[in-house]
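**Q** Please find start_18.txt (compact mmCIF, C-alpha atoms and all ligand atoms) on the next line:
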```
# COMPACT_ATOMS: atom_id res chain seq x y z
CA MET A 1 38.52 9.68 75.95
CA LYS A 2 39.08 12.51 73.45
CA VAL A 3 35.89 13.52 71.69
CA ILE A 4 36.37 13.89 67.94
CA ASP A 5 33.78 16.43 66.82
CA LEU A 6 33.17 16.43 63.06
CA ARG A 7 30.01 18.52 63.15
CA SER A 8 31.71 21.83 62.38
CA ASP A 9 35.01 23.72 62.43
CA THR A 10 33.43 26.11 64.95
CA VAL A 11 33.81 23.63 67.84
CA THR A 12 37.57 24.12 68.35
CA GLN A 13 38.81 24.77 71.89
CA PRO A 14 41.27 27.63 72.50
CA SER A 15 44.69 26.21 73.37
CA GLN A 16 46.58 27.12 76.57
CA GLU A 17 48.86 29.38 74.54
CA LEU A 18 45.92 31.18 72.93
CA ARG A 19 44.30 31.68 76.34
CA ARG A 20 47.55 33.12 77.68
CA VAL A 21 47.89 35.53 74.74
CA MET A 22 44.31 36.70 75.32
CA SER A 23 44.84 37.20 79.04
CA GLU A 24 47.86 39.41 78.36
CA ALA A 25 46.24 41.58 75.68
CA VAL A 26 46.71 45.34 76.02
CA VAL A 27 43.20 46.81 75.81
CA GLY A 28 41.25 50.08 75.72
CA ASP A 29 37.75 51.22 74.85
CA ASP A 30 37.22 50.20 71.24
CA VAL A 31 34.09 52.33 70.84
CA TYR A 32 36.43 55.30 71.44
CA GLY A 33 38.83 53.73 68.91
CA GLU A 34 41.28 53.28 71.77
CA ASP A 35 41.85 49.55 71.91
CA PRO A 36 45.42 49.12 70.63
CA THR A 37 45.02 45.38 70.04
CA ILE A 38 41.86 45.81 67.95
CA ASN A 39 43.51 48.66 66.04
CA ARG A 40 46.51 46.47 65.30
CA LEU A 41 44.30 43.54 64.26
CA GLU A 42 42.28 45.71 61.89
CA ARG A 43 45.40 47.28 60.38
CA GLN A 44 47.36 44.04 59.95
CA ALA A 45 44.38 42.07 58.67
CA ALA A 46 43.49 44.81 56.15
CA GLU A 47 47.07 44.66 54.88
CA MET A 48 46.86 40.87 54.60
CA VAL A 49 43.53 40.95 52.73
CA GLY A 50 44.58 43.89 50.55
CA LYS A 51 41.82 46.33 51.50
CA GLU A 52 42.09 49.89 52.85
CA ALA A 53 40.32 49.18 56.13
CA ALA A 54 38.86 46.50 58.38
CA LEU A 55 36.28 46.39 61.15
CA PHE A 56 36.09 43.83 63.95
CA ALA A 57 32.69 42.19 64.51
CA ALA A 58 31.32 39.74 67.05
CA THR A 59 30.32 37.14 64.45
CA GLY A 60 30.30 36.45 60.74
CA THR A 61 26.57 37.05 60.67
CA GLN A 62 27.05 40.54 62.10
CA SER A 63 29.90 41.23 59.74
CA ASN A 64 27.92 40.18 56.62
CA LEU A 65 24.93 42.20 57.79
CA MET A 66 27.03 45.35 58.35
CA GLY A 67 28.35 44.83 54.83
CA LEU A 68 24.91 44.47 53.24
CA LEU A 69 23.59 47.47 55.17
CA ALA A 70 26.56 49.59 54.15
CA HIS A 71 26.11 48.72 50.46
CA CYS A 72 22.33 48.86 50.16
CA GLN A 73 19.64 51.38 51.03
CA ARG A 74 16.07 50.59 51.96
CA GLY A 75 14.32 49.19 48.87
CA ASP A 76 17.56 48.10 47.20
CA GLU A 77 18.11 44.52 46.17
CA TYR A 78 20.99 42.06 46.41
CA ILE A 79 21.53 39.00 44.23
CA VAL A 80 22.47 35.95 46.26
CA GLY A 81 22.60 32.14 46.04
CA GLN A 82 19.53 30.20 47.14
CA ALA A 83 21.68 28.18 49.57
CA ALA A 84 23.98 31.05 50.60
CA HIS A 85 24.53 31.67 54.28
CA THR A 86 23.53 35.37 54.16
CA TYR A 87 20.20 34.49 52.57
CA ARG A 88 19.37 31.23 54.29
CA TYR A 89 21.02 31.07 57.68
CA GLU A 90 21.16 34.63 58.97
CA GLY A 91 17.55 35.06 60.04
CA GLY A 92 16.72 37.17 56.99
CA GLY A 93 18.60 40.04 58.66
CA ALA A 94 19.13 42.06 55.48
CA ALA A 95 15.38 42.12 54.80
CA VAL A 96 14.31 42.48 58.43
CA LEU A 97 16.73 45.18 59.53
CA GLY A 98 17.74 46.79 56.24
CA SER A 99 14.59 46.51 54.10
CA ILE A 100 16.93 45.05 51.50
CA GLN A 101 15.16 42.69 49.10
CA PRO A 102 17.05 39.50 48.38
CA GLN A 103 16.94 38.13 44.83
CA PRO A 104 17.95 34.50 45.40
CA ILE A 105 19.02 32.39 42.42
CA GLU A 106 19.99 28.71 42.10
CA MET A 107 23.62 27.92 42.79
CA GLU A 108 25.69 25.83 40.41
CA PRO A 109 27.17 22.54 41.69
CA ASP A 110 30.53 24.31 42.22
CA GLY A 111 29.02 27.04 44.40
CA THR A 112 29.05 29.77 41.75
CA LEU A 113 26.13 31.86 40.47
CA LYS A 114 25.70 31.50 36.70
CA ILE A 115 26.60 34.77 34.98
CA SER A 116 23.70 34.51 32.52
CA THR A 117 21.25 34.04 35.42
CA ILE A 118 22.67 37.07 37.20
CA LYS A 119 22.23 39.11 34.02
CA ASN A 120 18.62 37.93 33.75
CA VAL A 121 17.63 39.03 37.25
CA VAL A 122 19.29 42.48 37.32
CA LYS A 123 16.33 44.87 37.28
CA PRO A 124 15.97 47.68 34.77
CA ASP A 125 15.91 51.28 35.98
CA ASP A 126 12.12 51.48 36.33
CA PHE A 127 10.03 52.47 39.34
CA HIS A 128 8.21 49.11 39.26
CA PHE A 129 11.34 47.34 40.48
CA ALA A 130 13.62 47.27 43.45
CA ARG A 131 16.99 48.81 42.61
CA THR A 132 19.60 46.06 42.11
CA ARG A 133 22.70 47.15 44.01
CA LEU A 134 24.87 44.19 44.93
CA ILE A 135 25.97 40.65 44.09
CA CYS A 136 26.89 38.48 47.08
CA LEU A 137 29.05 35.35 46.68
CA GLU A 138 30.27 32.79 49.20
CA ASN A 139 33.82 31.42 49.24
CA THR A 140 34.13 28.63 50.28
CA HIS A 141 30.59 27.30 49.76
CA ASN A 142 29.95 23.85 51.27
CA GLY A 143 33.72 23.61 51.59
CA MET A 144 34.27 24.26 47.87
CA ALA A 145 36.73 26.98 46.86
CA LEU A 146 35.25 29.02 43.98
CA PRO A 147 37.23 28.69 40.72
CA MET A 148 39.76 31.53 40.28
CA ASP A 149 38.69 32.46 36.74
CA TYR A 150 35.05 32.71 37.86
CA LEU A 151 35.97 35.57 40.20
CA THR A 152 37.27 37.60 37.25
CA GLU A 153 34.15 36.81 35.24
CA VAL A 154 31.72 37.84 37.97
CA LYS A 155 33.70 41.03 38.58
CA ARG A 156 33.33 41.94 34.92
CA CYS A 157 29.60 41.24 35.12
CA ALA A 158 29.18 43.38 38.26
CA GLU A 159 31.08 46.24 36.65
CA SER A 160 29.00 46.12 33.49
CA PHE A 161 25.85 46.76 35.57
CA GLY A 162 27.49 49.13 38.05
CA LEU A 163 26.83 46.68 40.90
CA ALA A 164 28.91 46.24 44.02
CA LEU A 165 30.37 42.82 44.86
CA HIS A 166 30.47 41.35 48.39
CA CYS A 167 32.16 38.11 49.41
CA ASP A 168 30.97 36.10 52.37
CA GLY A 169 34.46 34.77 52.97
CA ALA A 170 33.76 33.07 56.29
CA ARG A 171 36.28 30.41 55.19
CA ILE A 172 38.24 32.45 52.62
CA PHE A 173 41.56 31.26 54.06
CA ASN A 174 40.58 27.68 53.24
CA ALA A 175 40.08 28.80 49.63
CA ALA A 176 43.44 30.62 49.57
CA VAL A 177 45.27 27.57 50.91
CA LYS A 178 43.44 25.32 48.45
CA HIS A 179 44.40 27.47 45.44
CA GLN A 180 47.83 28.21 46.91
CA VAL A 181 47.39 31.95 46.42
CA ALA A 182 47.56 34.91 48.79
CA VAL A 183 44.17 35.75 50.27
CA LYS A 184 44.62 39.22 48.70
CA GLU A 185 44.20 37.67 45.30
CA LEU A 186 40.83 36.15 46.22
CA ALA A 187 39.66 39.39 47.85
CA ALA A 188 40.78 41.69 45.01
CA PRO A 189 37.68 41.45 42.78
CA PHE A 190 35.35 42.29 45.70
CA ASP A 191 34.38 45.67 47.08
CA SER A 192 33.94 44.08 50.49
CA ILE A 193 34.63 40.79 52.18
CA SER A 194 33.68 39.26 55.52
CA VAL A 195 35.99 36.73 57.18
CA CYS A 196 35.41 34.53 60.26
CA LEU A 197 38.17 34.14 62.83
CA SER A 198 36.30 31.45 64.74
CA LYS A 199 35.88 28.79 62.07
CA GLY A 200 38.90 26.76 60.98
CA LEU A 201 41.27 29.42 62.31
CA GLY A 202 40.25 28.60 65.88
CA ALA A 203 39.59 31.93 67.65
CA PRO A 204 36.84 31.67 70.27
CA ALA A 205 34.83 34.48 68.64
CA GLY A 206 35.16 37.27 66.10
CA ALA A 207 35.00 38.18 62.44
CA LEU A 208 36.28 41.00 60.26
CA LEU A 209 34.71 43.08 57.51
CA PHE A 210 37.03 44.60 54.88
CA GLY A 211 36.57 47.34 52.30
CA SER A 212 37.45 50.94 51.47
CA GLU A 213 37.91 53.55 54.24
CA LEU A 214 34.59 55.11 53.31
CA PHE A 215 32.74 51.79 53.29
CA ILE A 216 34.13 50.78 56.68
CA LYS A 217 33.16 54.17 58.11
CA GLU A 218 29.58 53.49 57.05
CA ALA A 219 29.74 49.89 58.36
CA ARG A 220 30.98 51.16 61.74
CA LYS A 221 27.80 53.19 62.14
CA TRP A 222 25.73 50.09 61.36
CA ARG A 223 27.78 48.02 63.79
CA LYS A 224 26.87 50.44 66.57
CA MET A 225 23.20 50.23 65.62
CA LEU A 226 23.35 46.43 65.61
CA GLY A 227 24.66 46.48 69.16
CA GLY A 228 28.15 45.44 68.10
CA GLY A 229 30.22 48.27 69.58
CA MET A 230 32.31 46.43 72.18
CA ARG A 231 34.58 47.99 74.76
CA GLN A 232 37.77 46.11 75.78
CA ALA A 233 37.42 43.93 72.70
CA GLY A 234 41.20 43.53 72.47
CA ILE A 235 40.94 40.32 74.48
CA LEU A 236 39.20 38.85 71.43
CA GLY A 237 41.38 40.89 69.08
CA ALA A 238 44.48 39.23 70.52
CA ALA A 239 42.99 35.87 69.66
CA GLY A 240 42.37 37.12 66.12
CA LEU A 241 45.97 38.27 65.71
CA PHE A 242 47.24 34.98 67.10
CA VAL A 243 45.19 32.75 64.81
CA LEU A 244 45.98 34.82 61.69
CA GLU A 245 49.65 34.38 62.47
CA HIS A 246 49.63 30.70 63.47
CA ASN A 247 46.65 28.90 61.99
CA VAL A 248 46.39 29.88 58.33
CA ASP A 249 49.03 27.68 56.66
CA ARG A 250 48.05 24.68 58.74
CA LEU A 251 44.60 24.64 57.07
CA ALA A 252 46.41 22.45 54.50
CA ASP A 253 46.48 19.72 57.21
CA ASP A 254 42.69 19.93 57.51
CA HIS A 255 42.38 19.50 53.75
CA GLU A 256 44.69 16.50 53.80
CA ASN A 257 42.80 14.95 56.73
CA ARG A 258 39.53 15.50 54.86
CA ALA A 259 40.98 13.77 51.78
CA THR A 260 42.13 10.76 53.87
CA LEU A 261 38.72 10.56 55.53
CA GLN A 262 36.98 10.78 52.16
CA ARG A 263 39.15 8.02 50.64
CA GLY A 264 38.50 5.73 53.61
CA LEU A 265 34.75 6.33 53.55
CA SER A 266 34.52 5.66 49.82
CA LEU A 267 35.71 2.08 50.48
CA ILE A 268 32.57 1.34 52.53
CA ASP A 269 29.86 -0.01 50.20
CA GLU A 270 26.90 1.15 52.31
CA LEU A 271 27.97 4.81 52.07
CA THR A 272 27.48 7.35 49.29
CA VAL A 273 30.38 9.78 49.31
CA GLU A 274 30.02 12.99 47.27
CA THR A 275 32.91 14.11 45.10
CA LEU A 276 32.75 17.91 44.79
CA GLN A 277 34.82 20.64 43.09
CA ASN A 278 37.84 22.16 44.86
CA GLN A 279 37.06 20.55 48.21
CA THR A 280 38.76 21.88 51.32
CA ASN A 281 37.76 20.74 54.82
CA MET A 282 34.29 19.24 54.26
CA VAL A 283 33.08 15.88 53.02
CA PHE A 284 29.44 14.97 52.47
CA VAL A 285 28.47 11.35 53.01
CA SER A 286 25.09 9.63 53.11
CA ILE A 287 24.37 6.68 55.38
CA PRO A 288 21.55 4.22 54.58
CA LYS A 289 18.01 5.37 55.47
CA GLY A 290 17.05 3.68 58.70
CA ALA A 291 20.59 3.87 60.11
CA ASP A 292 19.77 7.40 61.27
CA GLY A 293 19.92 7.72 65.05
CA HIS A 294 21.35 4.28 65.75
CA PHE A 295 24.44 5.15 63.73
CA GLN A 296 24.96 8.46 65.54
CA GLN A 297 24.65 6.66 68.90
CA HIS A 298 27.25 4.09 67.85
CA MET A 299 29.67 6.85 66.79
CA LYS A 300 29.12 8.74 70.03
CA GLU A 301 30.04 5.63 72.02
CA GLN A 302 33.28 5.53 70.02
CA GLY A 303 33.92 9.20 70.91
CA VAL A 304 32.96 10.59 67.50
CA LEU A 305 30.32 13.30 67.05
CA VAL A 306 28.59 13.56 63.66
CA PRO A 307 25.50 15.53 62.60
CA GLU A 308 21.99 14.09 62.75
CA GLY A 309 20.17 12.85 59.64
CA THR A 310 21.31 10.61 56.79
CA ARG A 311 23.28 13.11 54.67
CA LEU A 312 26.16 14.04 56.89
CA ARG A 313 28.51 16.99 56.53
CA LEU A 314 31.81 16.05 58.16
CA VAL A 315 34.25 18.88 58.83
CA THR A 316 37.95 18.61 59.67
CA HIS A 317 39.63 21.31 61.78
CA LEU A 318 42.34 22.38 64.18
CA ASP A 319 41.36 19.85 66.86
CA ILE A 320 41.38 16.82 64.53
CA ASN A 321 44.69 15.17 63.63
CA ALA A 322 45.65 12.32 61.30
CA ALA A 323 45.32 9.71 64.08
CA ASP A 324 41.79 10.96 64.84
CA VAL A 325 40.85 10.39 61.20
CA GLN A 326 41.90 6.74 61.58
CA THR A 327 39.77 6.49 64.75
CA VAL A 328 36.81 7.89 62.81
CA LEU A 329 37.33 5.45 59.94
CA SER A 330 37.54 2.52 62.40
CA ALA A 331 34.27 3.63 64.01
CA PHE A 332 32.59 3.76 60.57
CA ASN A 333 34.05 0.37 59.64
CA ASN A 334 32.90 -1.20 62.92
CA TYR A 335 29.37 -0.05 62.35
CA PHE A 336 29.19 -1.38 58.81
CA ASN A 337 31.16 -4.55 59.73
CA THR A 338 33.77 -4.05 57.05
C1 LIG A 401 29.50 30.45 59.73
C2 LIG A 401 29.23 31.22 58.50
C3 LIG A 401 28.83 32.56 58.56
C4 LIG A 401 28.45 33.29 59.85
O1 LIG A 401 29.31 33.14 60.87
P1 LIG A 401 28.86 33.22 62.40
O2 LIG A 401 30.12 33.65 63.03
O3 LIG A 401 28.45 31.83 62.77
O4 LIG A 401 27.78 34.20 62.55
C5 LIG A 401 28.65 33.23 57.38
N1 LIG A 401 28.86 32.63 56.20
C6 LIG A 401 29.23 31.34 56.10
C7 LIG A 401 29.45 30.75 54.76
C8 LIG A 401 29.43 30.59 57.24
O5 LIG A 401 29.78 29.32 57.14
```
Show me this structure written as structure tokens.
Ligand SMILES: *Cc1c(COP(=O)(O)O)cnc(C)c1O
**A**
Amino acid sequence: MKVIDLRSDTVTQPSQELRRVMSEAVVGDDVYGEDPTINRLERQAAEMVGKEAALFAATGTQSNLMGLLAHCQRGDEYIVGQAAHTYRYEGGGAAVLGSIQPQPIEMEPDGTLKISTIKNVVKPDDFHFARTRLICLENTHNGMALPMDYLTEVKRCAESFGLALHCDGARIFNAAVKHQVAVKELAAPFDSISVCLSKGLGAPAGALLFGSELFIKEARKWRKMLGGGMRQAGILGAAGLFVLEHNVDRLADDHENRATLQRGLSLIDELTVETLQNQTNMVFVSIPKGADGHFQQHMKEQGVLVPEGTRLRLVTHLDINAADVQTVLSAFNNYFNT
């Protein structure tokens, strides 16, 4: 029986074709700058994202951290959402390894940071305070693509204070497909952006950091210090090139499958389904208290994996098709006898 795994878009399995492409990659020592596949990936991806340069990283966490370290000095501060990945789910790396103070602020329901709140927390030039250096946004956040006009607004705000702007764009391609714009357009307001290759795009590992030549030069030094200088990395680079070529446009299928799933779930009385702004490949649904555990076991027996707890984040991806969504809905319906 096929297992339908809705826990995350990181669970995708590399296809036979992707494995073949990886096995045939032309490689060299990337620490010497001699891996032709990595060099091609960085060049092509930078072109696609509209930045001068790119740097391959092992993970999105490493890529964000290189970015924060390249922007901020010891004792600097970055403004970030309370629920943002860089602040909450990356082990506090910026503070631990960079001595960078986070200034977390509440996030709005659409995943943005309120401009007036940002303005209120920027520190004056006074030795009592950490030096505010950077604003960090996340696109998509909880599967929500940030509104296009907000990006212009936050850029203006950053400029007015002389702050840099970083985008944790782990799922930026989902946002681009959602808004039907080139990813360049979403990256343009930012000085730097980090993108995951191993989320919805389906590479087994890898992320990229983008920015100016100078910024990437600085980030490369930090990557080495973080233990991220890999040798024949082109085997992973080939996967990156493959997924950027083949798996971007099809993210629209994931969004459609999410919408079908969401519609079906909203017909089940016992469930609370959240309607969010600019949704892409995630739906949040709450099951009744007390169903926790028993419900997950039932779903597992039907070949469907969902997260633990009562508020479930369900994620559609490359390995879930329209028929799978119907299987999932049947499994939900069976449990709630509808
Ligand atoms: C997954 C994720 C990351 C980090 O990616 P890893 O490759 O898991 O380290 C960063 N930001 C967001 C928003 C993510 O969802």
**Q** Might you pull out every residue within 12 Å of Ala46 (chain A), with only C-alpha atoms counted and same-chain residues fewer than 2 positions away left off, and present them as a PyMOL selection string?
**A** chain A and resi 38-44+48-56+183-184+187-188+192-195+208-213+216+241+244
**Q** Hey, can you check how far CA of Ile118 (chain A) sits from CA of Asp191 (chain A)?
**A**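 Rounded to one decimal, the two atoms are 17.6 Å apart.
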**Q** Output the neighbourhood of ligand LIG 401 (chain A) as a list in words, that is, all protein and nucleic acid residues with some atom at most 6 Å from the ligand, counting all atoms listed in the file.
**A**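 Counting only what the definition allows, namely all atoms listed in the file, the set is Thr59, Gly60, Thr61, His85, Glu138, Asp168 and Ala170 of chain A.
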**Q** Do you know which residues are at most 7 Å from region 98-103 of chain A counting all atoms listed in the file, after dropping those on the same chain fewer than 3 positions away, and could you put them as a list in words?
**A**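 Everything that qualifies: Leu69, Cys72, Gln73, Arg74, Gly75, Asp76, Glu77, Tyr78, Ile79, Val80, Ala94 and Ala95 of chain A.
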**Q** So, with only C-alpha atoms as the atoms that count, which of A:Ile320, A:Leu267, A:Ala291, A:Ala233 lies closest to Glu34 (chain A)?
**A**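 Closest candidate: A:Ala233.
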**Q** Pick the closest to Glu270 (chain A) from A:Asn257, A:Arg88, A:Val177, A:Asn333: which is it, counting all atoms listed in the file?
**A** A:Asn333
**Q** Show me, as AutoDock Vina command-line options, the centre and edge lengths in Å to one decimal of the axis-aligned box that covers every listed atom of region 125-138 of chain A with 6 Å on each side.
**A**
```
--center_x 19.2 --center_y 42.6 --center_z 42.6 --size_x 34.1 --size_y 31.7 --size_z 25.2
```
**Q** May I have the residues within 10 Å of Pro109 (chain A) as a JSON list (two decimals) with C-alpha atoms, keeping the file's coordinate frame, using only C-alpha atoms and disregarding those fewer than 5 positions away in the same chain?
**A**
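Once written, around-v3.json looks like this:
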```json
[["chain", "number", "residue", "atom", "x", "y", "z"],
["A", 141, "HIS", "CA", 30.59, 27.30, 49.76],
["A", 144, "MET", "CA", 34.27, 24.26, 47.87],
["A", 276, "LEU", "CA", 32.75, 17.91, 44.79],
["A", 277, "GLN", "CA", 34.82, 20.64, 43.09]]
```
**Q** Give as a ChimeraX atom specification every residue, naming chains and numbers as the document does, that has an atom within 10 Å of (34.1, 31.4, 73.1), counting only C-alpha atoms.
**A** /A:10-14,198,202-206,236
**Q** Would you mind exporting the chosen residues as a PDB file, in the coordinates of the input, restricted to C-alpha atoms?
**A**
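File produced: selection_7.pdb:
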```pdb
ATOM      1  CA  THR A  10      33.430  26.110  64.950  1.00  0.00           C
ATOM      2  CA  VAL A  11      33.810  23.630  67.840  1.00  0.00           C
ATOM      3  CA  THR A  12      37.570  24.120  68.350  1.00  0.00           C
ATOM      4  CA  GLN A  13      38.810  24.770  71.890  1.00  0.00           C
ATOM      5  CA  PRO A  14      41.270  27.630  72.500  1.00  0.00           C
ATOM      6  CA  SER A 198      36.300  31.450  64.740  1.00  0.00           C
ATOM      7  CA  GLY A 202      40.250  28.600  65.880  1.00  0.00           C
ATOM      8  CA  ALA A 203      39.590  31.930  67.650  1.00  0.00           C
ATOM      9  CA  PRO A 204      36.840  31.670  70.270  1.00  0.00           C
ATOM     10  CA  ALA A 205      34.830  34.480  68.640  1.00  0.00           C
ATOM     11  CA  GLY A 206      35.160  37.270  66.100  1.00  0.00           C
ATOM     12  CA  LEU A 236      39.200  38.850  71.430  1.00  0.00           C
TER      13      LEU A 236
END
```
**Q** How many Å separate CA of Gly264 (chain A) from CA of Leu312 (chain A)?
**A** 15.2 Å
**Q** What is the CA of Arg171 (chain A) to CA of Ala322 (chain A) distance in Å?
**A**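 We find that CA of Arg171 (chain A) and CA of Ala322 (chain A) lie 21.3 Å from each other.
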**Q** Can you work out which one of A:Arg156, A:Arg19, A:His317, A:Arg220 has the shortest atom-to-atom distance to Val248 (chain A), counting all atoms listed in the file?
**A**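 Nearest to Val248 (chain A): A:His317.
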**Q** For each of A:Asn142, A:Gln262, A:Asn247, A:Gln279, take the minimum atom-to-atom distance to Leu18 (chain A), counting all atoms listed in the file, then give the residue where this is smallest.
**A** A:Asn247
**Q** Would you pick out the contacts of Asp253 (chain A) at 10 Å or less, using all atoms listed in the file, so that residues sharing its chain but fewer than 5 positions from it are not included, and give the list as JSON, numbers by chain?
**A** {"A": [258, 259, 280, 281, 316, 317, 318, 320, 321, 322]}
**Q** In terms of the shortest atom-to-atom distance over all atoms listed in the file, which of A:Ala158, A:Met107, A:Val122, A:Ile172 is closest to Asn139 (chain A)?
**A** A:Ile172
